Amino acid sequence: MLQRSPIIIWLLAAVTICIDAVIFISADAFGGDFSASLFFGLAFAHIALATIWATYSRSALLIRWLVRCVALVIAALLTSRLEPLGILESVALYAANMFVLMFTLLILRALSRRYGHEGRQFSIFQLLAAMTLLAFLIVSLRYATRLQEVWVFTAGFILNNTIIAVVCLFFSGLTRHWILRLAGALGTGLITGWCLTFLRPNLSGSLEAMAIVQAFVVFIWLDVAQIAKSDFGARMHVPALDKQHHNKS
């Protein structure tokens, strides 16, 4: 995989931070479902990116868990300011999303032929860290009364975010034109966001916008910055497209 220039990564980070600031200030000043949907789209995109990077990175294990925790705390603090969720409920929501996505990625990594051997090697520290996160998540959900009241929507919400992250990772590993891959990621976000409206019809439009924003941010970071070295998408081939590509070459 080609290594991107650090300049591109820092420019992308600067643009992302500026957009985050604008969306947060707008949501804090004016409120509204649409502003909140944009904020949640960005927040869950960052949670997904931190989880994906930490899962596939070869950095020290302590650093990877530190990145997860920092992303979790920042997202929870900002959410508790904008929404009527307490800090504990916000942490529980993001931790549940991170936990589900992390284990989904670990399963995919273990099943991948490239990581067929490495993916099954888990240290005692990794196991203890995962169990600690699970215990903290269970305690947080125990006192997250608002999330318990809408547990069906919360479960669908987490499933939606997990699907978007995995699909974006899949499309980022393909070798097709970036426009086609971006369209696939955004289309998935639109469909999954629309499916969520069956659980909360009053948020129709906002949920689709949130899912599209999340898919766009996750895909751009995976494709441009290439923060995750996963190739399970590249292993999928469409014979008709492969034949067409071979004829053109």
# chains A, B, ... in the order shown; residues from 1 in each chain; ligands from 1

call {"tool": "closest_atom_pairs", "arguments": {"of": "stretch 47-69 of chain A", "to": "stretch 225-229 of chain A", "cutoff": "9 Å", "atoms": "only C-alpha atoms", "output": "JSON lines"}}
result
{"residue": "A:Leu49", "atom": "CA", "partner": "A:Ile227", "partner_atom": "CA", "distance": 8.3}
{"residue": "A:Ile52", "atom": "CA", "partner": "A:Ala228", "partner_atom": "CA", "distance": 6.6}
{"residue": "A:Trp53", "atom": "CA", "partner": "A:Ala228", "partner_atom": "CA", "distance": 5.5}
{"residue": "A:Ala54", "atom": "CA", "partner": "A:Ala228", "partner_atom": "CA", "distance": 8.6}
{"residue": "A:Thr55", "atom": "CA", "partner": "A:Ala228", "partner_atom": "CA", "distance": 8.2}
{"residue": "A:Tyr56", "atom": "CA", "partner": "A:Ala228", "partner_atom": "CA", "distance": 5.6}
{"residue": "A:Ser57", "atom": "CA", "partner": "A:Ala228", "partner_atom": "CA", "distance": 6.7}

call {"tool": "residues_around", "arguments": {"residues": "stretch 160-173 of chain A", "least_positions_apart": "5", "cutoff": "8 Å", "atoms": "only C-alpha atoms", "output": "number ranges by chain"}}
result
A: 44-45, 48, 97, 100-101, 105, 181-182, 184-185, 188-189, 192-193, 196, 211, 214-215, 218-219, 222-223, 230-234

call {"tool": "write_last_selection", "arguments": {"atoms": "N, CA and C atoms", "output": "mmCIF file, in the first residue's frame"}}
result
data_model
loop_
_atom_site.group_PDB
_atom_site.id
_atom_site.type_symbol
_atom_site.label_atom_id
_atom_site.label_comp_id
_atom_site.auth_asym_id
_atom_site.auth_seq_id
_atom_site.Cartn_x
_atom_site.Cartn_y
_atom_site.Cartn_z
ATOM 1 N N PHE A 44 -19.577 10.094 15.519
ATOM 2 C CA PHE A 44 -19.474 8.650 15.331
ATOM 3 C C PHE A 44 -18.466 8.296 14.240
ATOM 4 N N ALA A 45 -18.234 9.204 13.307
ATOM 5 C CA ALA A 45 -17.185 8.974 12.316
ATOM 6 C C ALA A 45 -15.819 8.948 12.993
ATOM 7 N N ALA A 48 -15.427 5.771 14.925
ATOM 8 C CA ALA A 48 -15.151 4.661 14.006
ATOM 9 C C ALA A 48 -13.710 4.702 13.530
ATOM 10 N N ASN A 97 -20.881 1.554 20.947
ATOM 11 C CA ASN A 97 -20.575 1.581 19.512
ATOM 12 C C ASN A 97 -19.131 1.134 19.247
ATOM 13 N N VAL A 100 -18.766 -2.792 19.905
ATOM 14 C CA VAL A 100 -19.333 -3.614 18.832
ATOM 15 C C VAL A 100 -18.470 -3.544 17.578
ATOM 16 N N LEU A 101 -18.044 -2.343 17.198
ATOM 17 C CA LEU A 101 -17.215 -2.194 16.002
ATOM 18 C C LEU A 101 -15.863 -2.865 16.183
ATOM 19 N N LEU A 105 -14.490 -5.862 13.802
ATOM 20 C CA LEU A 105 -13.242 -5.758 13.038
ATOM 21 C C LEU A 105 -12.267 -6.866 13.410
ATOM 22 N N ARG A 181 -16.223 4.052 -5.565
ATOM 23 C CA ARG A 181 -16.112 3.578 -4.195
ATOM 24 C C ARG A 181 -16.772 4.554 -3.220
ATOM 25 N N LEU A 182 -16.608 5.854 -3.466
ATOM 26 C CA LEU A 182 -17.259 6.859 -2.629
ATOM 27 C C LEU A 182 -18.776 6.774 -2.770
ATOM 28 N N GLY A 184 -20.481 4.136 -3.461
ATOM 29 C CA GLY A 184 -20.919 2.953 -2.737
ATOM 30 C C GLY A 184 -21.013 3.211 -1.239
ATOM 31 N N ALA A 185 -20.021 3.926 -0.690
ATOM 32 C CA ALA A 185 -20.041 4.239 0.740
ATOM 33 C C ALA A 185 -21.202 5.167 1.090
ATOM 34 N N THR A 188 -24.546 3.393 0.852
ATOM 35 C CA THR A 188 -24.785 2.554 2.032
ATOM 36 C C THR A 188 -25.255 3.397 3.211
ATOM 37 N N GLY A 189 -24.612 4.560 3.399
ATOM 38 C CA GLY A 189 -25.035 5.450 4.471
ATOM 39 C C GLY A 189 -26.471 5.915 4.297
ATOM 40 N N THR A 192 -28.845 2.817 5.098
ATOM 41 C CA THR A 192 -28.907 2.474 6.519
ATOM 42 C C THR A 192 -29.573 3.582 7.328
ATOM 43 N N GLY A 193 -29.314 4.841 6.951
ATOM 44 C CA GLY A 193 -29.982 5.941 7.632
ATOM 45 C C GLY A 193 -31.480 5.929 7.394
ATOM 46 N N LEU A 196 -33.201 3.421 9.576
ATOM 47 C CA LEU A 196 -33.382 3.863 10.954
ATOM 48 C C LEU A 196 -34.653 4.675 11.140
ATOM 49 N N ALA A 211 -26.027 9.690 8.637
ATOM 50 C CA ALA A 211 -25.354 8.508 8.091
ATOM 51 C C ALA A 211 -24.474 8.867 6.900
ATOM 52 N N GLN A 214 -21.328 10.612 8.179
ATOM 53 C CA GLN A 214 -20.435 9.624 8.769
ATOM 54 C C GLN A 214 -19.719 8.809 7.702
ATOM 55 N N ALA A 215 -20.449 8.346 6.699
ATOM 56 C CA ALA A 215 -19.843 7.546 5.636
ATOM 57 C C ALA A 215 -18.810 8.354 4.865
ATOM 58 N N VAL A 218 -15.563 8.912 7.152
ATOM 59 C CA VAL A 218 -14.815 7.666 7.351
ATOM 60 C C VAL A 218 -14.135 7.233 6.059
ATOM 61 N N PHE A 219 -14.858 7.303 4.938
ATOM 62 C CA PHE A 219 -14.266 6.860 3.680
ATOM 63 C C PHE A 219 -13.099 7.764 3.273
ATOM 64 N N LEU A 222 -10.069 6.935 5.339
ATOM 65 C CA LEU A 222 -9.516 5.623 5.005
ATOM 66 C C LEU A 222 -8.859 5.623 3.633
ATOM 67 N N ASP A 223 -9.443 6.359 2.686
ATOM 68 C CA ASP A 223 -8.937 6.332 1.315
ATOM 69 C C ASP A 223 -7.786 7.303 1.101
ATOM 70 N N SER A 230 -5.967 -2.624 5.670
ATOM 71 C CA SER A 230 -6.833 -3.789 5.533
ATOM 72 C C SER A 230 -7.061 -4.055 4.066
ATOM 73 N N ASP A 231 -7.040 -5.319 3.657
ATOM 74 C CA ASP A 231 -7.203 -5.640 2.247
ATOM 75 C C ASP A 231 -8.356 -6.608 2.015
ATOM 76 N N PHE A 232 -9.289 -6.751 3.011
ATOM 77 C CA PHE A 232 -10.347 -7.717 2.775
ATOM 78 C C PHE A 232 -11.295 -7.241 1.684
ATOM 79 N N GLY A 233 -11.309 -5.924 1.404
ATOM 80 C CA GLY A 233 -12.084 -5.430 0.275
ATOM 81 C C GLY A 233 -11.386 -5.709 -1.031
ATOM 82 N N ALA A 234 -10.062 -5.633 -1.024
ATOM 83 C CA ALA A 234 -9.310 -5.863 -2.250
ATOM 84 C C ALA A 234 -9.352 -7.313 -2.688
#

call {"tool": "closest_residue", "arguments": {"among": "A:Leu12, A:Ala43, A:Ile107, A:Ala209", "to": "A:Ile74", "atoms": "only C-alpha atoms"}}
result
A:Ala43

call {"tool": "residues_around", "arguments": {"residues": "A:Ser90", "least_positions_apart": "5", "cutoff": "8 Å", "atoms": "only C-alpha atoms", "output": "list of chain:residue names"}}
result
A:Ala75, A:Ala76, A:Leu77, A:Thr79, A:Ser80, A:Leu85

call {"tool": "write_last_selection", "arguments": {"atoms": "N, CA and C atoms", "output": "JSON list (two decimals), in the first residue's frame"}}
result
[["chain", "number", "residue", "atom", "x", "y", "z"],
["A", 75, "ALA", "N", -15.76, 12.90, 22.58],
["A", 75, "ALA", "CA", -17.10, 12.79, 21.99],
["A", 75, "ALA", "C", -18.18, 12.85, 23.07],
["A", 76, "ALA", "N", -17.95, 12.17, 24.20],
["A", 76, "ALA", "CA", -18.94, 12.16, 25.27],
["A", 76, "ALA", "C", -19.11, 13.54, 25.89],
["A", 77, "LEU", "N", -18.01, 14.25, 26.10],
["A", 77, "LEU", "CA", -18.09, 15.59, 26.69],
["A", 77, "LEU", "C", -18.86, 16.56, 25.79],
["A", 79, "THR", "N", -21.02, 15.77, 23.44],
["A", 79, "THR", "CA", -22.41, 15.33, 23.32],
["A", 79, "THR", "C", -23.22, 15.73, 24.55],
["A", 80, "SER", "N", -22.64, 15.60, 25.73],
["A", 80, "SER", "CA", -23.36, 15.96, 26.95],
["A", 80, "SER", "C", -23.66, 17.45, 27.01],
["A", 85, "LEU", "N", -28.40, 14.27, 27.23],
["A", 85, "LEU", "CA", -27.79, 13.05, 27.76],
["A", 85, "LEU", "C", -26.73, 13.43, 28.78]]

call {"tool": "atom_distance", "arguments": {"atom1": "atom CA of A:Ile63", "atom2": "atom CA of A:Leu159"}}
result
26.6 Å

call {"tool": "residues_around", "arguments": {"residues": "A:Leu203", "least_positions_apart": "4", "cutoff": "12 Å", "atoms": "only C-alpha atoms", "output": "list in words"}}
result
Gly32, Asp33, Phe34, Ala36, Ser37, Phe153, Gly193, Trp194, Cys195, Leu196, Thr197, Phe198, Leu199, Leu207, Glu208, Ala209 and Met210 of chain A

call {"tool": "closest_residue", "arguments": {"among": "A:Val217, A:Val152, A:Thr104, A:Ser35", "to": "A:Ala13", "atoms": "only C-alpha atoms"}}
result
A:Val217
